[in-house]
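Just run_10.tsv here, TSV, C-alpha atoms:
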chain	number	residue	atom	x	y	z
A	1180	MET	CA	0.00	0.00	0.00
A	1181	PHE	CA	1.06	3.56	-0.68
A	1182	THR	CA	-0.04	6.98	0.52
A	1183	GLY	CA	0.13	8.59	-2.91
A	1184	ILE	CA	2.65	11.18	-1.70
A	1185	VAL	CA	5.83	11.34	-3.80
A	1186	GLU	CA	8.86	10.76	-1.60
A	1187	GLU	CA	11.58	11.58	-4.13
A	1188	ILE	CA	12.26	12.24	-7.78
A	1189	GLY	CA	14.59	9.50	-9.00
A	1190	GLU	CA	16.60	9.34	-12.22
A	1191	ILE	CA	16.53	6.53	-14.77
A	1192	VAL	CA	20.14	5.32	-15.10
A	1193	SER	CA	19.68	2.21	-17.23
A	1194	ILE	CA	17.16	0.51	-19.46
A	1195	GLU	CA	17.85	-3.03	-20.65
A	1196	ARG	CA	15.49	-4.22	-23.36
A	1197	GLY	CA	15.11	-7.91	-24.12
A	1198	ALA	CA	12.95	-9.63	-26.72
A	1199	SER	CA	9.96	-9.54	-24.35
A	1200	SER	CA	11.40	-7.97	-21.22
A	1201	LEU	CA	12.44	-4.63	-19.80
A	1202	LYS	CA	14.68	-3.99	-16.77
A	1203	ILE	CA	14.98	-0.41	-15.52
A	1204	GLY	CA	17.53	1.04	-13.09
A	1205	VAL	CA	16.69	4.07	-10.93
A	1206	LYS	CA	19.14	6.21	-8.97
A	1207	CYS	CA	17.70	7.56	-5.71
A	1208	ALA	CA	18.75	8.52	-2.19
A	1209	PHE	CA	16.95	5.62	-0.47
A	1210	ALA	CA	18.28	2.82	-2.73
A	1211	GLY	CA	20.74	1.66	-0.07
A	1212	GLU	CA	17.85	1.15	2.38
A	1213	LEU	CA	15.83	-1.15	0.09
A	1214	SER	CA	15.62	-4.94	0.35
A	1215	LEU	CA	15.20	-7.35	-2.55
A	1216	GLY	CA	11.52	-7.86	-3.25
A	1217	GLU	CA	10.49	-4.55	-1.71
A	1218	SER	CA	7.72	-2.59	-3.44
A	1219	VAL	CA	8.35	0.91	-4.79
A	1220	ALA	CA	5.79	3.01	-6.66
A	1221	VAL	CA	7.44	4.34	-9.82
A	1222	ASN	CA	5.30	7.02	-11.45
A	1223	GLY	CA	2.41	5.48	-9.52
A	1224	ALA	CA	2.97	1.89	-10.72
A	1225	CYS	CA	3.94	-0.68	-8.09
A	1226	MET	CA	7.29	-2.24	-9.03
A	1227	THR	CA	9.38	-4.84	-7.19
A	1228	ALA	CA	13.09	-4.30	-6.54
A	1229	CYS	CA	14.83	-7.26	-8.24
A	1230	ALA	CA	18.43	-6.01	-7.94
A	1231	LEU	CA	20.07	-3.46	-5.68
A	1232	GLY	CA	23.04	-1.14	-5.82
A	1233	GLU	CA	24.38	1.36	-3.29
A	1234	LYS	CA	22.73	4.29	-5.08
A	1235	SER	CA	20.25	2.58	-7.39
A	1236	PHE	CA	17.69	-0.20	-7.61
A	1237	PHE	CA	16.40	-2.19	-10.56
A	1238	PHE	CA	12.99	-3.57	-11.45
A	1239	ASP	CA	11.51	-5.68	-14.23
A	1240	VAL	CA	8.55	-4.35	-16.19
A	1241	THR	CA	6.00	-7.00	-17.15
A	1242	PRO	CA	4.38	-6.80	-20.60
A	1243	GLU	CA	1.08	-5.77	-18.95
A	1244	SER	CA	2.73	-2.94	-16.99
A	1245	PHE	CA	4.54	-1.88	-20.16
A	1246	ARG	CA	1.23	-1.62	-22.06
A	1247	ARG	CA	-0.77	0.11	-19.35
A	1248	THR	CA	1.67	2.60	-17.76
A	1249	SER	CA	3.91	5.48	-18.77
A	1250	LEU	CA	6.98	3.33	-18.01
A	1251	LYS	CA	7.28	2.55	-21.73
A	1252	ASP	CA	8.02	6.24	-22.38
A	1253	LEU	CA	11.03	6.45	-20.04
A	1254	ARG	CA	14.54	7.16	-21.30
A	1255	GLU	CA	17.88	7.28	-19.50
A	1256	GLY	CA	18.01	10.57	-17.62
A	1257	SER	CA	14.20	10.73	-17.20
A	1258	GLY	CA	12.91	11.78	-13.80
A	1259	VAL	CA	10.42	9.49	-12.06
A	1260	ASN	CA	8.20	9.95	-9.02
A	1261	LEU	CA	9.13	7.45	-6.30
A	1262	GLU	CA	7.41	6.30	-3.15
A	1263	ARG	CA	8.32	3.40	-0.91
A	1264	ALA	CA	5.50	1.23	0.40
A	1265	MET	CA	4.07	2.70	3.58
A	1266	LYS	CA	4.88	1.42	7.03
A	1267	ALA	CA	1.98	0.55	9.30
A	1268	ASP	CA	3.71	1.85	12.42
A	1269	GLY	CA	3.54	5.58	11.72
A	1270	ARG	CA	1.51	8.41	10.26
A	1271	PHE	CA	0.30	7.84	6.73
A	1272	GLY	CA	0.26	11.53	5.81
A	1273	GLY	CA	-2.08	11.02	2.86
A	1274	HIS	CA	-4.57	8.38	1.86
A	1275	LEU	CA	-4.34	4.68	1.12
A	1276	VAL	CA	-3.52	3.76	-2.48
A	1277	SER	CA	-3.30	0.16	-3.63
A	1278	GLY	CA	-0.40	-0.25	-6.04
A	1279	GLN	CA	-1.74	-3.50	-7.47
A	1280	ARG	CA	-4.49	-3.90	-9.99
A	1281	ILE	CA	-6.37	-6.97	-8.84
A	1282	PHE	CA	-9.43	-7.00	-11.09
A	1283	LEU	CA	-11.29	-5.07	-13.76
A	1284	TRP	CA	-14.81	-3.96	-12.90
A	1285	THR	CA	-17.38	-3.67	-15.65
A	1286	GLU	CA	-20.96	-2.62	-15.21
A	1287	SER	CA	-23.81	-3.30	-17.56
A	1288	PRO	CA	-26.85	-1.05	-17.95
A	1289	ARG	CA	-29.88	-1.89	-15.82
A	1290	THR	CA	-33.49	-1.27	-16.58
A	1291	LEU	CA	-35.56	-0.01	-13.67
Written as structure tokens, how would this file's structure read?
Amino acid sequence: MFTGIVEEIGEIVSIERGASSLKIGVKCAFAGELSLGESVAVNGACMTACALGEKSFFFDVTPESFRRTSLKDLREGSGVNLERAMKADGRFGGHLVSGQRIFLWTESPRTL
């Protein structure tokens, strides 16, 4: 879960494109505090840290995330809004935002 409040503006430092994959590296001040598997909202999309450096972290972009987010438009040097997942032991300072899309809701017209 996230609060929706941007914690930092990170910088894209690497983009590795595979045949059907994308791995993006982001430089940010809190990279050294992250753990593998930790969630970070990148431009509002929940991403999972899959590799860590002292000053950067890396995440894989799934084909679905590539299609549905602005992550496909990023270039090296681009700025990105970053927010770490919220902790439950302090003030939230915003509102609760789920970073995962679990289902798609459709509604059909009703006749009354």
**Q.** Residue with smallest distance to Ile1191 of chain A - pool A:Val1240, A:Ala1228, A:Leu1253, A:Leu1261, counting all atoms listed in the file
**A.**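 The closest residue to Ile1191 of chain A is A:Leu1253.
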Q | Residue nearest Val1205 of chain A among A:Ser1218, A:Asp1268, A:Ser1244, A:Gly1232 (counting only C-alpha atoms) | A |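 So, comparing all the options, the nearest one is A:Gly1232.
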Q: Identify, on the basis of only C-alpha atoms, every residue whose closest approach to Ala1264 of chain A does not exceed 7 Å; exclude the query and any residue fewer than 6 positions from it along the same chain; express the result as a PyMOL selection string.
A: chain A and resi 1180-1181+1218-1219
Write segment 1250-1261 of chain A as a short mmCIF file (atom, residue, chain, number, x, y, z; two decimals), in the frame of the given file, completed to all heavy atoms.
data_model
loop_
_atom_site.label_atom_id
_atom_site.label_comp_id
_atom_site.auth_asym_id
_atom_site.auth_seq_id
_atom_site.Cartn_x
_atom_site.Cartn_y
_atom_site.Cartn_z
N LEU A 1250 5.60 3.84 -18.11
CA LEU A 1250 6.98 3.33 -18.01
C LEU A 1250 7.59 3.09 -19.38
O LEU A 1250 8.79 3.20 -19.56
CB LEU A 1250 7.01 2.05 -17.17
CG LEU A 1250 6.55 2.20 -15.72
CD1 LEU A 1250 6.53 0.84 -15.03
CD2 LEU A 1250 7.42 3.18 -14.96
N LYS A 1251 6.77 2.80 -20.38
CA LYS A 1251 7.28 2.55 -21.73
C LYS A 1251 7.88 3.80 -22.35
O LYS A 1251 8.65 3.72 -23.30
CB LYS A 1251 6.17 1.99 -22.62
CG LYS A 1251 5.02 2.93 -22.86
CD LYS A 1251 3.96 2.26 -23.71
CE LYS A 1251 2.63 2.95 -23.62
NZ LYS A 1251 1.94 2.78 -22.34
N ASP A 1252 7.54 4.97 -21.83
CA ASP A 1252 8.02 6.24 -22.38
C ASP A 1252 9.33 6.72 -21.75
O ASP A 1252 9.87 7.75 -22.17
CB ASP A 1252 6.96 7.33 -22.21
CG ASP A 1252 5.65 6.96 -22.90
OD1 ASP A 1252 5.71 6.35 -24.00
OD2 ASP A 1252 4.59 7.28 -22.35
N LEU A 1253 9.83 6.00 -20.76
CA LEU A 1253 11.03 6.45 -20.04
C LEU A 1253 12.28 6.29 -20.89
O LEU A 1253 12.39 5.38 -21.71
CB LEU A 1253 11.19 5.65 -18.75
CG LEU A 1253 10.08 5.83 -17.71
CD1 LEU A 1253 10.32 4.89 -16.53
CD2 LEU A 1253 9.98 7.27 -17.26
N ARG A 1254 13.22 7.19 -20.66
CA ARG A 1254 14.54 7.16 -21.30
C ARG A 1254 15.58 7.37 -20.21
O ARG A 1254 15.27 7.90 -19.14
CB ARG A 1254 14.67 8.29 -22.34
CG ARG A 1254 13.60 8.30 -23.42
CD ARG A 1254 13.81 7.16 -24.41
NE ARG A 1254 12.79 7.14 -25.44
CZ ARG A 1254 11.72 6.36 -25.43
NH1 ARG A 1254 11.50 5.56 -24.43
NH2 ARG A 1254 10.86 6.37 -26.43
N GLU A 1255 16.82 6.99 -20.48
CA GLU A 1255 17.88 7.28 -19.50
C GLU A 1255 17.92 8.78 -19.27
O GLU A 1255 17.82 9.56 -20.20
CB GLU A 1255 19.23 6.76 -20.01
CG GLU A 1255 19.31 5.25 -19.95
CD GLU A 1255 20.69 4.71 -20.27
OE1 GLU A 1255 21.68 5.42 -20.07
OE2 GLU A 1255 20.76 3.55 -20.72
N GLY A 1256 18.02 9.17 -18.00
CA GLY A 1256 18.01 10.57 -17.62
C GLY A 1256 16.62 11.09 -17.25
O GLY A 1256 16.50 12.17 -16.68
N SER A 1257 15.56 10.32 -17.57
CA SER A 1257 14.20 10.73 -17.20
C SER A 1257 14.05 10.78 -15.69
O SER A 1257 14.62 9.95 -14.97
CB SER A 1257 13.16 9.74 -17.73
OG SER A 1257 13.10 9.70 -19.12
N GLY A 1258 13.27 11.72 -15.21
CA GLY A 1258 12.91 11.78 -13.80
C GLY A 1258 11.66 10.95 -13.56
O GLY A 1258 10.78 10.89 -14.42
N VAL A 1259 11.59 10.28 -12.42
CA VAL A 1259 10.42 9.49 -12.06
C VAL A 1259 10.02 9.77 -10.61
O VAL A 1259 10.87 9.96 -9.75
CB VAL A 1259 10.65 7.97 -12.24
CG1 VAL A 1259 10.70 7.59 -13.70
CG2 VAL A 1259 11.91 7.49 -11.55
N ASN A 1260 8.73 9.80 -10.37
CA ASN A 1260 8.20 9.95 -9.02
C ASN A 1260 8.34 8.62 -8.29
O ASN A 1260 7.94 7.57 -8.82
CB ASN A 1260 6.73 10.35 -9.06
CG ASN A 1260 6.51 11.70 -9.67
OD1 ASN A 1260 7.35 12.59 -9.56
ND2 ASN A 1260 5.39 11.88 -10.34
N LEU A 1261 8.90 8.66 -7.08
CA LEU A 1261 9.13 7.45 -6.30
C LEU A 1261 8.47 7.54 -4.94
O LEU A 1261 8.46 8.61 -4.31
CB LEU A 1261 10.63 7.21 -6.09
CG LEU A 1261 11.49 7.07 -7.33
CD1 LEU A 1261 12.96 6.98 -6.94
CD2 LEU A 1261 11.07 5.84 -8.12
#
